[in-house]
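Enquirer: Questions regarding the structure given below will be posed in turn.
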Amino acid sequence: MTKTYTVTVRYAGGEQRRGPVTMGQANMIRCMLRDEPEHINIHAVWPVPEGTGTESAIDALRALVVRHEALRTTFPHAPGEAPREQVVASEGEFTVTVVDHEERPPEGHADDVARRDRVGRFHLDRDFGLRISLVAVEGVPLFLALAASHAVTDISALSVLEEDWRELLTGRTLPAVTAFTPLDLAAEESTPGGLRRSAASLRHWERIIRTGPQAMFAEPGAVGAEVEAAQLTLRSLRGARALARVAERTGGLPSTVLLTAWCALIAHRTGQSSCVAAVPTSNRFLPRLARSVNTVSQDALLSLDVGVPSFDALLRKAWGAALNAYRHSQFDAVRLWEMIDAVTYERGSRFARDVVFNDVSTLPPAGPTGETEGPELEVVRGPVQVLPARVLTFVHETAPVLRLGMWVDPALFAPDEAEGFLTGLVRLLEAAAADDVPLSALTGVTGVRPAERGADWTRVDGCWVSPREVADTLSGALGGVPAHVVPEGEGLSAFLAAGDSPLTPARAHAALVEALPGRPGVLAPRRYVIVRDAPTRTDQTDDWLRQRILMEGAGRDRQG
């Protein structure tokens, strides 16, 4: 039998303040208003130290709320508008749900509780930013299960909170908070230096989005914007030992070595000449952001050119590329999306955040210590989660056990291929521990094979595209008009039979841009050629060229 009851916890302390939201908050608020709650809310499970009573666990939570302004923050706003202001309360209350079991629940129960609490939407203007459940057995707390508003915290912030909570449980007095509070960060972002950094970040993103691949996974089977993927967890002593040896041999940091190996394998698997990846937690590289309880979740966008002969050469480039990404991870999210929309129309591509690498290995482990023992190499399949990405990787530990969590699109990776990617990563580290590895040898070294694309696929403007799919999408977007698309120079040309319709290049381009989301193999033509009637052989470019041309152009004029 399970007894469930709710404890209302009042707090008082700290300063009442208000001010503008930070760039990171504005970014996450935008996502929270757009996405389903279970996709954007986050969760964590904290093991309760042995000997801790329910009252002590709750008292430490109260002290945590008083200590960190983010936990006392709400976001007032008018109906239908996104919040632009945050308010920090000096007093208030929150609740803790105690779930008391007669017998110890099965492994993973606390995680299930936290995931269940992720499903509800947080009301930004009034809700406390944490949903807290205390899982106990016969009155003895075992786990604290948390679901959190992403406008208030991120994964790194939750780790800082857990560390502080454990210290409070010991009765120690914590040092004063020196990291940025959300309002401190908002003030820093509005300085001339902060505004210059934001503008530089937008230029960095625009360069990559205009010139890089619009999607890493542009291949048959890559459709839609969200995927259901099972979690894979790698735990490997072999991988940790190899990682340490590569770092020792090359002089590289273990984190950079692992990022290099992962990027090399992603680019190899996708057949891309560069690895473009979102690196979400890397924007905590500034000292006063490292332990900030705040949501600073703005992607650092990494673009690593893999056009080098070997692993060691790629490693030498990776540090600079990663640092460049980290330096450009603070930006005005509204302006960023305005820029992305503009590039979408002008280039005729749709940037896909389809590859994410999240290294949280420097954060405090869940519990007093990390693992000290583990398997030589083990990959375990876990629960399914809906993700807006093709590959999502979390690095939890790099020593003494290499522990990664990864989700991959099952339409692109069969179960054995998904597991093979993780074991291939370990094999690459082991090979690089012994000597430099030619990137041309990755298939043999790792067992990971590049994507297979049919003869119709070609690389255009830095992107893998299928001209046949472009033609089909363009025809469908225009109500079924005959369409033929061919590579021409550095771009594509589209031939369209308009019949009696008043079709123009601008209308054709606008229709195709609307159809781009979820189609990473489709890139807009640089030239639209409008004819009246389609030739008999619609797959022959020469026959289309014999038709009388009514109009042609790039179609980028929105007034056309």
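By order of appearance in the structure tokens: chains A, B, ..., then residues from 1 within every chain, and ligands from 1 in the order shown.
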If we count only C-alpha atoms, what is near A:Pro525 at a cut-off of 8 Å, once residues fewer than 3 positions away on the same chain are taken out, given as an NGL selection string?
Expert: :A and (348 or 485 or 491-494 or 528 or 554)
Enquirer: Could those selected residues go to a file with N, CA, C and O atoms, as a PDB file, in the first residue's frame?
Expert:
```pdb
ATOM      1  N   GLY A 348      16.878  29.196 -49.203  1.00  0.00           N
ATOM      2  CA  GLY A 348      15.954  28.123 -49.560  1.00  0.00           C
ATOM      3  C   GLY A 348      16.280  26.836 -48.842  1.00  0.00           C
ATOM      4  O   GLY A 348      16.039  25.739 -49.363  1.00  0.00           O
ATOM      5  N   VAL A 485      13.615  18.918 -61.728  1.00  0.00           N
ATOM      6  CA  VAL A 485      14.693  19.629 -61.025  1.00  0.00           C
ATOM      7  C   VAL A 485      16.012  18.944 -61.350  1.00  0.00           C
ATOM      8  O   VAL A 485      16.127  17.713 -61.280  1.00  0.00           O
ATOM      9  N   GLY A 491      24.086  25.113 -57.866  1.00  0.00           N
ATOM     10  CA  GLY A 491      22.757  25.022 -57.288  1.00  0.00           C
ATOM     11  C   GLY A 491      21.864  24.112 -58.088  1.00  0.00           C
ATOM     12  O   GLY A 491      22.316  23.227 -58.825  1.00  0.00           O
ATOM     13  N   LEU A 492      20.550  24.288 -57.919  1.00  0.00           N
ATOM     14  CA  LEU A 492      19.550  23.515 -58.641  1.00  0.00           C
ATOM     15  C   LEU A 492      18.748  24.440 -59.543  1.00  0.00           C
ATOM     16  O   LEU A 492      18.578  25.626 -59.248  1.00  0.00           O
ATOM     17  N   SER A 493      18.240  23.891 -60.625  1.00  0.00           N
ATOM     18  CA  SER A 493      17.288  24.597 -61.476  1.00  0.00           C
ATOM     19  C   SER A 493      16.008  23.785 -61.530  1.00  0.00           C
ATOM     20  O   SER A 493      16.039  22.548 -61.639  1.00  0.00           O
ATOM     21  N   ALA A 494      14.879  24.486 -61.446  1.00  0.00           N
ATOM     22  CA  ALA A 494      13.572  23.837 -61.493  1.00  0.00           C
ATOM     23  C   ALA A 494      12.826  24.290 -62.736  1.00  0.00           C
ATOM     24  O   ALA A 494      12.782  25.485 -63.049  1.00  0.00           O
ATOM     25  N   TYR A 528      14.191  29.225 -61.088  1.00  0.00           N
ATOM     26  CA  TYR A 528      12.894  28.638 -61.442  1.00  0.00           C
ATOM     27  C   TYR A 528      12.582  29.042 -62.882  1.00  0.00           C
ATOM     28  O   TYR A 528      12.584  30.230 -63.220  1.00  0.00           O
ATOM     29  N   ALA A 554      15.120  33.823 -59.745  1.00  0.00           N
ATOM     30  CA  ALA A 554      15.500  33.190 -58.480  1.00  0.00           C
ATOM     31  C   ALA A 554      14.319  33.039 -57.536  1.00  0.00           C
ATOM     32  O   ALA A 554      14.349  32.189 -56.634  1.00  0.00           O
TER      33      ALA A 554
END
```
Enquirer: Can you tell me, as a list of chain:residue names, what residues are no more than 6 Å from stretch 448-463 of chain A when counting only C-alpha atoms, ignoring any on the same chain fewer than 3 positions away?
Expert: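 Non-adjacent residues within range: A:Gly212, A:Pro213, A:His268, A:Arg269, A:Thr270, A:Gly271, A:Thr443, A:Ser466, A:Gly491.
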Enquirer: Residues of stretch 246-330 of chain A classed as alpha helix (DSSP H) by DSSP on the backbone are to be reported as an MDAnalysis selection string.
Expert: chainID A and resid 246:250 254:270 287:290 311:327
Enquirer: Would you output that residue set with N, CA and C atoms, as a short mmCIF file (atom, residue, chain, number, x, y, z; two decimals), in the first residue's frame?
Expert:
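Dumped everything to again-v8.cif:
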```cif
data_model
loop_
_atom_site.label_atom_id
_atom_site.label_comp_id
_atom_site.auth_asym_id
_atom_site.auth_seq_id
_atom_site.Cartn_x
_atom_site.Cartn_y
_atom_site.Cartn_z
N VAL A 246 44.57 8.53 -25.11
CA VAL A 246 44.60 9.46 -26.24
C VAL A 246 44.98 10.86 -25.76
N ALA A 247 44.39 11.27 -24.64
CA ALA A 247 44.70 12.59 -24.08
C ALA A 247 46.17 12.69 -23.72
N GLU A 248 46.71 11.62 -23.15
CA GLU A 248 48.13 11.62 -22.78
C GLU A 248 49.02 11.64 -24.02
N ARG A 249 48.65 10.86 -25.04
CA ARG A 249 49.48 10.79 -26.25
C ARG A 249 49.49 12.10 -27.02
N THR A 250 48.33 12.77 -27.07
CA THR A 250 48.20 13.96 -27.92
C THR A 250 48.35 15.27 -27.16
N PRO A 254 40.70 15.57 -22.24
CA PRO A 254 39.80 14.43 -22.49
C PRO A 254 38.47 14.85 -23.09
N SER A 255 37.90 15.97 -22.64
CA SER A 255 36.61 16.41 -23.17
C SER A 255 36.73 16.74 -24.66
N THR A 256 37.83 17.36 -25.06
CA THR A 256 38.02 17.70 -26.47
C THR A 256 38.29 16.45 -27.30
N VAL A 257 39.04 15.51 -26.73
CA VAL A 257 39.29 14.24 -27.43
C VAL A 257 37.98 13.52 -27.71
N LEU A 258 37.11 13.45 -26.69
CA LEU A 258 35.84 12.75 -26.87
C LEU A 258 34.96 13.46 -27.88
N LEU A 259 34.90 14.78 -27.82
CA LEU A 259 34.12 15.55 -28.78
C LEU A 259 34.65 15.32 -30.20
N THR A 260 35.97 15.28 -30.36
CA THR A 260 36.58 15.05 -31.67
C THR A 260 36.20 13.69 -32.22
N ALA A 261 36.29 12.66 -31.37
CA ALA A 261 35.95 11.30 -31.81
C ALA A 261 34.48 11.22 -32.20
N TRP A 262 33.61 11.82 -31.40
CA TRP A 262 32.18 11.79 -31.67
C TRP A 262 31.87 12.53 -32.98
N CYS A 263 32.46 13.72 -33.17
CA CYS A 263 32.24 14.47 -34.41
C CYS A 263 32.75 13.72 -35.63
N ALA A 264 33.92 13.11 -35.49
CA ALA A 264 34.48 12.35 -36.62
C ALA A 264 33.53 11.23 -37.03
N LEU A 265 32.96 10.54 -36.03
CA LEU A 265 32.08 9.41 -36.32
C LEU A 265 30.73 9.89 -36.88
N ILE A 266 30.20 11.00 -36.35
CA ILE A 266 28.95 11.55 -36.87
C ILE A 266 29.13 11.97 -38.33
N ALA A 267 30.21 12.70 -38.62
CA ALA A 267 30.45 13.15 -40.00
C ALA A 267 30.67 11.96 -40.92
N HIS A 268 31.37 10.94 -40.44
CA HIS A 268 31.59 9.72 -41.23
C HIS A 268 30.28 9.02 -41.52
N ARG A 269 29.45 8.85 -40.50
CA ARG A 269 28.16 8.15 -40.66
C ARG A 269 27.23 8.91 -41.62
N THR A 270 27.24 10.24 -41.56
CA THR A 270 26.33 11.04 -42.38
C THR A 270 26.90 11.37 -43.75
N PRO A 287 33.42 32.14 -15.71
CA PRO A 287 33.47 31.76 -14.29
C PRO A 287 32.16 32.04 -13.54
N ARG A 288 31.53 33.20 -13.78
CA ARG A 288 30.33 33.54 -13.02
C ARG A 288 29.07 32.88 -13.59
N LEU A 289 29.23 32.10 -14.65
CA LEU A 289 28.12 31.30 -15.17
C LEU A 289 28.24 29.84 -14.79
N ALA A 290 29.45 29.40 -14.41
CA ALA A 290 29.70 27.98 -14.19
C ALA A 290 28.75 27.38 -13.16
N PHE A 311 42.95 11.68 -37.38
CA PHE A 311 42.33 12.04 -36.11
C PHE A 311 43.12 13.13 -35.39
N ASP A 312 44.42 13.02 -35.35
CA ASP A 312 45.23 14.01 -34.65
C ASP A 312 45.08 15.39 -35.28
N ALA A 313 45.00 15.45 -36.60
CA ALA A 313 44.80 16.74 -37.27
C ALA A 313 43.44 17.32 -36.93
N LEU A 314 42.44 16.44 -36.85
CA LEU A 314 41.10 16.91 -36.49
C LEU A 314 41.06 17.40 -35.04
N LEU A 315 41.76 16.71 -34.16
CA LEU A 315 41.82 17.12 -32.76
C LEU A 315 42.44 18.51 -32.62
N ARG A 316 43.45 18.79 -33.43
CA ARG A 316 44.09 20.11 -33.35
C ARG A 316 43.11 21.21 -33.78
N LYS A 317 42.20 20.90 -34.69
CA LYS A 317 41.21 21.89 -35.12
C LYS A 317 40.04 21.99 -34.14
N ALA A 318 39.76 20.91 -33.43
CA ALA A 318 38.53 20.82 -32.63
C ALA A 318 38.52 21.82 -31.48
N TRP A 319 39.67 22.00 -30.83
CA TRP A 319 39.70 22.92 -29.70
C TRP A 319 39.32 24.33 -30.12
N GLY A 320 39.91 24.81 -31.22
CA GLY A 320 39.60 26.15 -31.70
C GLY A 320 38.15 26.27 -32.13
N ALA A 321 37.64 25.22 -32.82
CA ALA A 321 36.24 25.26 -33.27
C ALA A 321 35.29 25.27 -32.08
N ALA A 322 35.61 24.46 -31.05
CA ALA A 322 34.75 24.43 -29.87
C ALA A 322 34.80 25.76 -29.13
N LEU A 323 35.98 26.32 -28.97
CA LEU A 323 36.10 27.61 -28.29
C LEU A 323 35.33 28.69 -29.04
N ASN A 324 35.41 28.67 -30.36
CA ASN A 324 34.67 29.65 -31.16
C ASN A 324 33.17 29.49 -30.95
N ALA A 325 32.71 28.26 -30.85
CA ALA A 325 31.28 28.02 -30.59
C ALA A 325 30.89 28.53 -29.21
N TYR A 326 31.71 28.24 -28.20
CA TYR A 326 31.39 28.65 -26.83
C TYR A 326 31.31 30.17 -26.72
N ARG A 327 32.23 30.86 -27.41
CA ARG A 327 32.28 32.32 -27.33
C ARG A 327 31.05 32.97 -27.96
#
```
Enquirer: Could you give me, as a list in words, the residues within 7 Å of A:Ala151, counting only C-alpha atoms and dropping anything in the same chain fewer than 3 positions from it?
Expert: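 With the cut-off at 7 Å, the set is Gln25, Met28, Ile29 and Thr295 of chain A.
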Enquirer: Please write the residues from the selection above to a file, keeping C-alpha atoms, as a short mmCIF file (atom, residue, chain, number, x, y, z; two decimals), in the first residue's frame.
Expert:
```
data_model
loop_
_atom_site.label_atom_id
_atom_site.label_comp_id
_atom_site.auth_asym_id
_atom_site.auth_seq_id
_atom_site.Cartn_x
_atom_site.Cartn_y
_atom_site.Cartn_z
CA GLN A 25 15.21 32.75 -20.30
CA MET A 28 13.48 28.82 -23.20
CA ILE A 29 10.21 30.70 -22.66
CA THR A 295 18.70 28.72 -17.44
#
```
Enquirer: What is the distance, in Å and to one decimal place, between atom CA of A:Phe495 and atom CA of A:Pro482?
Expert: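 The value is 8.2 Å.
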Enquirer: So, counting only C-alpha atoms, which residue among A:Ala82, A:Ala534, A:Asp125, A:Arg291 is closest to A:Pro182?
Expert: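 Of all the options, A:Arg291 lies closest to A:Pro182.
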Enquirer: Which neighbours of A:Arg126 fall inside 10 Å, counting only C-alpha atoms, when residues of the same chain fewer than 2 positions from it are skipped, and could you give them as a PyMOL selection string?
Expert: chain A and resi 73-76+122-124+128-129
Enquirer: Considering only C-alpha atoms, return as number ranges by chain whatever protein or nucleic-acid residues lie within 8 Å of stretch 332-337 of chain A, sequence-local ones (same chain, fewer than 4 positions apart) excluded.
Expert: A: 23-24, 26-27, 198, 202, 341
Enquirer: Could you check the closest approach to A:Ala44 for each of A:Ala78, A:Asp100, A:Asp111, A:Val9 and tell me which residue wins, using only C-alpha atoms?
Expert: A:Asp111
Enquirer: Which residues, written as a list in words, have at least one atom at most 9 Å from A:Arg347, with only C-alpha atoms counted and residues fewer than 4 positions away on the same chain left out?
Expert: Arg210, Ala342, Val343, Leu523, Ala524, Pro525, Arg526 and Arg556 of chain A
